[in-house]
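Okay, coords_38.txt is below, compact mmCIF, C-alpha atoms:
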# COMPACT_ATOMS: atom_id res chain seq x y z
CA MET A 14 62.20 -7.55 19.56
CA ARG A 15 59.79 -10.44 19.93
CA ASN A 16 57.96 -8.70 22.81
CA TYR A 17 57.76 -5.53 20.78
CA LEU A 18 56.05 -7.32 17.84
CA THR A 19 53.65 -9.17 20.15
CA THR A 20 52.68 -5.90 21.87
CA LEU A 21 52.19 -4.17 18.52
CA TYR A 22 50.06 -7.05 17.21
CA LEU A 23 47.81 -7.08 20.29
CA THR A 24 47.45 -3.29 20.26
CA LEU A 25 46.35 -3.31 16.62
CA LEU A 26 44.04 -6.29 17.14
CA PHE A 27 42.19 -4.83 20.13
CA GLY A 28 42.36 -1.27 18.83
CA CYS A 29 40.63 -2.19 15.57
CA GLN A 30 37.94 -4.24 17.29
CA SER A 31 37.08 -1.47 19.71
CA HIS A 32 36.91 1.11 16.94
CA SER A 33 34.71 -0.99 14.63
CA SER A 34 32.15 -1.78 17.34
CA GLU A 35 31.91 1.90 18.26
CA GLN A 36 31.44 2.72 14.60
CA SER A 37 28.76 0.06 14.04
CA THR A 38 26.85 1.20 17.15
CA LYS A 39 26.99 4.79 15.96
CA THR A 40 25.89 3.82 12.43
CA GLU A 41 22.95 1.77 13.74
CA SER A 42 21.72 4.59 15.94
CA GLU A 43 22.05 7.10 13.10
CA THR A 44 20.18 4.96 10.54
CA GLN A 45 17.46 3.57 12.81
CA PRO A 46 14.65 6.10 13.47
CA SER A 47 13.19 6.01 16.94
CA GLU A 48 9.95 4.11 17.49
CA LYS A 49 8.20 7.36 18.35
CA THR A 50 9.21 8.95 15.01
CA THR A 51 8.27 5.85 12.98
CA ALA A 52 4.85 5.51 14.61
CA SER A 53 3.91 9.12 13.93
CA ILE A 54 4.68 9.06 10.19
CA THR A 55 3.88 5.47 9.18
CA PRO A 56 0.53 5.20 7.39
CA ASP A 57 -1.60 2.06 7.71
CA THR A 58 -1.46 -0.04 4.53
CA LEU A 59 -4.08 -2.72 3.87
CA CYS A 60 -4.62 -4.99 0.88
CA PHE A 61 -7.75 -6.81 -0.28
CA GLN A 62 -8.44 -9.33 -3.03
CA GLN A 63 -11.26 -11.21 -4.74
CA ILE A 64 -10.68 -14.18 -7.04
CA MET A 65 -13.70 -15.39 -9.00
CA SER A 66 -12.77 -18.19 -11.40
CA ARG A 67 -9.98 -16.55 -13.46
CA ASP A 68 -10.91 -12.94 -12.62
CA THR A 69 -8.87 -11.16 -9.94
CA THR A 70 -9.60 -7.83 -8.26
CA THR A 71 -6.93 -6.42 -5.93
CA VAL A 72 -6.93 -3.21 -3.88
CA GLN A 73 -4.16 -1.63 -1.86
CA LEU A 74 -5.24 1.15 0.51
CA ILE A 75 -2.92 3.47 2.42
CA PHE A 76 -4.71 5.22 5.28
CA THR A 77 -3.28 8.47 6.64
CA GLY A 78 -5.70 9.93 9.14
CA LYS A 79 -9.03 10.50 7.37
CA LYS A 80 -7.47 10.34 3.90
CA VAL A 81 -6.81 7.28 1.78
CA THR A 82 -4.72 6.65 -1.30
CA GLY A 83 -4.00 3.42 -3.08
CA TYR A 84 -4.37 1.37 -6.20
CA LEU A 85 -7.20 -0.70 -7.68
CA ASP A 86 -6.56 -3.44 -10.25
CA ILE A 87 -9.46 -5.32 -11.88
CA ASN A 88 -7.94 -8.08 -14.01
CA ARG A 89 -10.64 -9.99 -15.87
CA TYR A 90 -9.71 -13.09 -17.79
CA GLU A 91 -10.20 -12.64 -21.55
CA LYS A 92 -11.58 -9.14 -21.00
CA ASP A 93 -10.09 -5.67 -20.77
CA ARG A 94 -8.19 -4.89 -17.63
CA ALA A 95 -9.06 -1.79 -15.58
CA ARG A 96 -6.59 -0.35 -13.11
CA GLY A 97 -5.31 2.86 -11.63
CA PRO A 98 -4.60 4.94 -8.54
CA LEU A 99 -7.32 6.06 -6.18
CA SER A 100 -7.63 8.69 -3.46
CA GLY A 101 -10.41 9.80 -1.19
CA ASP A 102 -11.87 10.34 2.23
CA VAL A 103 -12.53 7.85 5.02
CA LYS A 104 -15.80 7.94 6.91
CA PRO A 105 -17.08 5.37 9.41
CA GLU A 106 -17.40 2.08 7.47
CA ARG A 107 -17.34 3.96 4.12
CA ILE A 108 -14.59 5.11 1.80
CA ARG A 109 -15.44 7.55 -0.98
CA THR A 110 -12.75 7.47 -3.65
CA ASP A 111 -11.84 9.02 -6.96
CA TRP A 112 -10.43 6.20 -9.06
CA MET A 113 -8.36 7.16 -12.10
CA ARG A 114 -9.42 4.11 -14.13
CA SER A 115 -7.17 3.20 -17.04
CA GLY A 116 -8.50 0.68 -19.49
CA GLU A 117 -8.76 0.23 -23.23
CA GLY A 118 -6.20 3.04 -23.69
CA VAL A 119 -8.32 5.65 -21.87
CA THR A 120 -7.99 7.11 -18.35
CA GLN A 121 -11.13 8.50 -16.72
CA LYS A 122 -12.17 9.41 -13.17
CA TYR A 123 -14.73 7.12 -11.52
CA ILE A 124 -16.36 7.84 -8.17
CA LEU A 125 -16.55 4.70 -6.00
CA ASP A 126 -18.31 4.32 -2.66
CA ILE A 127 -16.61 1.43 -0.93
CA ILE A 128 -18.07 -0.10 2.22
CA ARG A 129 -15.55 -1.48 4.70
CA THR A 130 -16.79 -3.99 7.24
CA GLY A 131 -14.07 -5.63 9.32
CA ASP A 132 -11.68 -7.36 6.91
CA THR A 133 -13.96 -6.94 3.87
CA LEU A 134 -14.43 -4.29 1.17
CA ARG A 135 -17.62 -4.14 -0.92
CA TRP A 136 -18.88 -1.99 -3.78
CA ARG A 137 -21.17 -2.39 -6.75
CA GLU A 138 -20.13 -2.01 -10.36
CA GLY A 139 -23.01 -1.42 -12.73
CA GLU A 140 -23.91 1.21 -15.27
CA PHE A 141 -22.03 4.50 -14.86
CA VAL A 142 -23.11 7.90 -16.11
CA LYS A 143 -20.85 10.87 -16.79
CA LYS A 144 -21.34 13.75 -14.38
CA GLU A 145 -19.31 16.88 -13.71
CA GLN A 146 -17.21 15.20 -10.97
CA GLY A 147 -16.56 12.04 -13.06
CA TRP A 148 -18.27 8.75 -13.84
CA VAL A 149 -20.86 7.92 -11.15
CA ALA A 150 -22.97 4.79 -10.64
CA LYS A 151 -26.38 5.34 -12.21
CA GLU A 152 -28.02 3.08 -9.61
CA PRO A 153 -25.61 2.59 -6.69
CA ASN A 154 -27.46 -0.48 -5.31
CA VAL A 155 -27.60 -2.35 -8.64
CA GLY A 156 -24.89 -4.23 -10.50
CA TYR A 157 -22.09 -6.68 -9.86
CA LEU A 158 -21.07 -6.80 -6.19
CA HIS A 159 -17.33 -6.84 -5.55
CA VAL A 160 -16.52 -8.49 -2.21
CA LEU A 161 -12.81 -8.41 -1.39
CA THR A 162 -11.24 -9.95 1.69
CA LYS A 163 -8.11 -8.76 3.46
CA ILE A 164 -4.80 -10.31 2.40
CA ASP A 165 -1.15 -9.75 3.25
CA CYS A 166 0.20 -6.93 1.10
CA PRO A 167 2.79 -7.91 -1.50
CA PRO A 168 6.37 -6.79 -0.81
CA THR A 169 6.22 -4.33 -3.73
CA PRO A 170 3.36 -1.82 -3.91
CA LEU A 171 0.69 -2.26 -6.56
CA ARG A 172 1.14 -0.06 -9.63
Could you express the structure from this file as structure tokens?
Amino acid sequence: MRNYLTTLYLTLLFGCQSHSSEQSTKTESETQPSEKTTASITPDTLCFQQIMSRDTTTVQLIFTGKKVTGYLDINRYEKDRARGPLSGDVKPERIRTDWMRSGEGVTQKYILDIIRTGDTLRWREGEFVKKEQGWVAKEPNVGYLHVLTKIDCPPTPLR
């Protein structure tokens, strides 16, 4: 009787271990996409930020081929905040975006021409005029110059 119980105990012990390792291996392979699949669908996400005194401007850009989407947040201390999603086209060293700017309770489309040089984004913010395609800089080379440097993206996307 004692041998019978020992044999039963060992059978259950090794039988359960073998089964659980097979199951965990199968689960890992089913839940983990292959590197080839991940590389082909993963867009490149970059974040940039400028802090001037108590004013903070942050941009998150998600590049997928020649298209870009993302979020721009201009948080001025003691002034109205402007933020919203953006989307556009990528050209060499230049990103032309439509920014759905929300501020002061109003959402309007602004056209931004952002220059990307290495780990830096730059664009000017001056007087805008309303055109058919949205608000456009009246004089693109005049106004406050935003200069944002690359940062590590936060764990949660900007919104």
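With all atoms listed in the file as the atoms that count, the residue of A:Ile127, A:Leu171, A:Met113, A:Leu161 with the shortest distance to Thr69 in chain A is A:Leu161.
For the pair CA of Gln73 in chain A and CA of Ile124 in chain A, the separation is 16.7 Å.
The spacing separating CA of Lys151 in chain A from CA of Ile87 in chain A amounts to 20.0 Å.
You will find CA of Asp111 in chain A at 19.9 Å from CA of Thr130 in chain A.
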- Which one of A:Thr77, A:Asp132, A:Arg137, A:Thr82 sits closest to Pro153 in chain A if you count only C-alpha atoms? A:Arg137
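Of the residues under consideration (A:Arg67, A:Arg109, A:Lys143, A:Lys104), A:Arg67 shows the shortest atom-to-atom contact distance to Arg89 in chain A when counting all atoms listed in the file.
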- Taking into account all atoms listed in the file, which residue in the set A:Arg172, A:Lys144, A:Lys163, A:Arg135 is nearest to Leu99 in chain A? A:Arg172
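Distances from A:Gly116, A:Gly147, A:Pro105, A:Pro170 to Arg129 in chain A were compared using all atoms listed in the file, and the smallest one belongs to A:Pro105.
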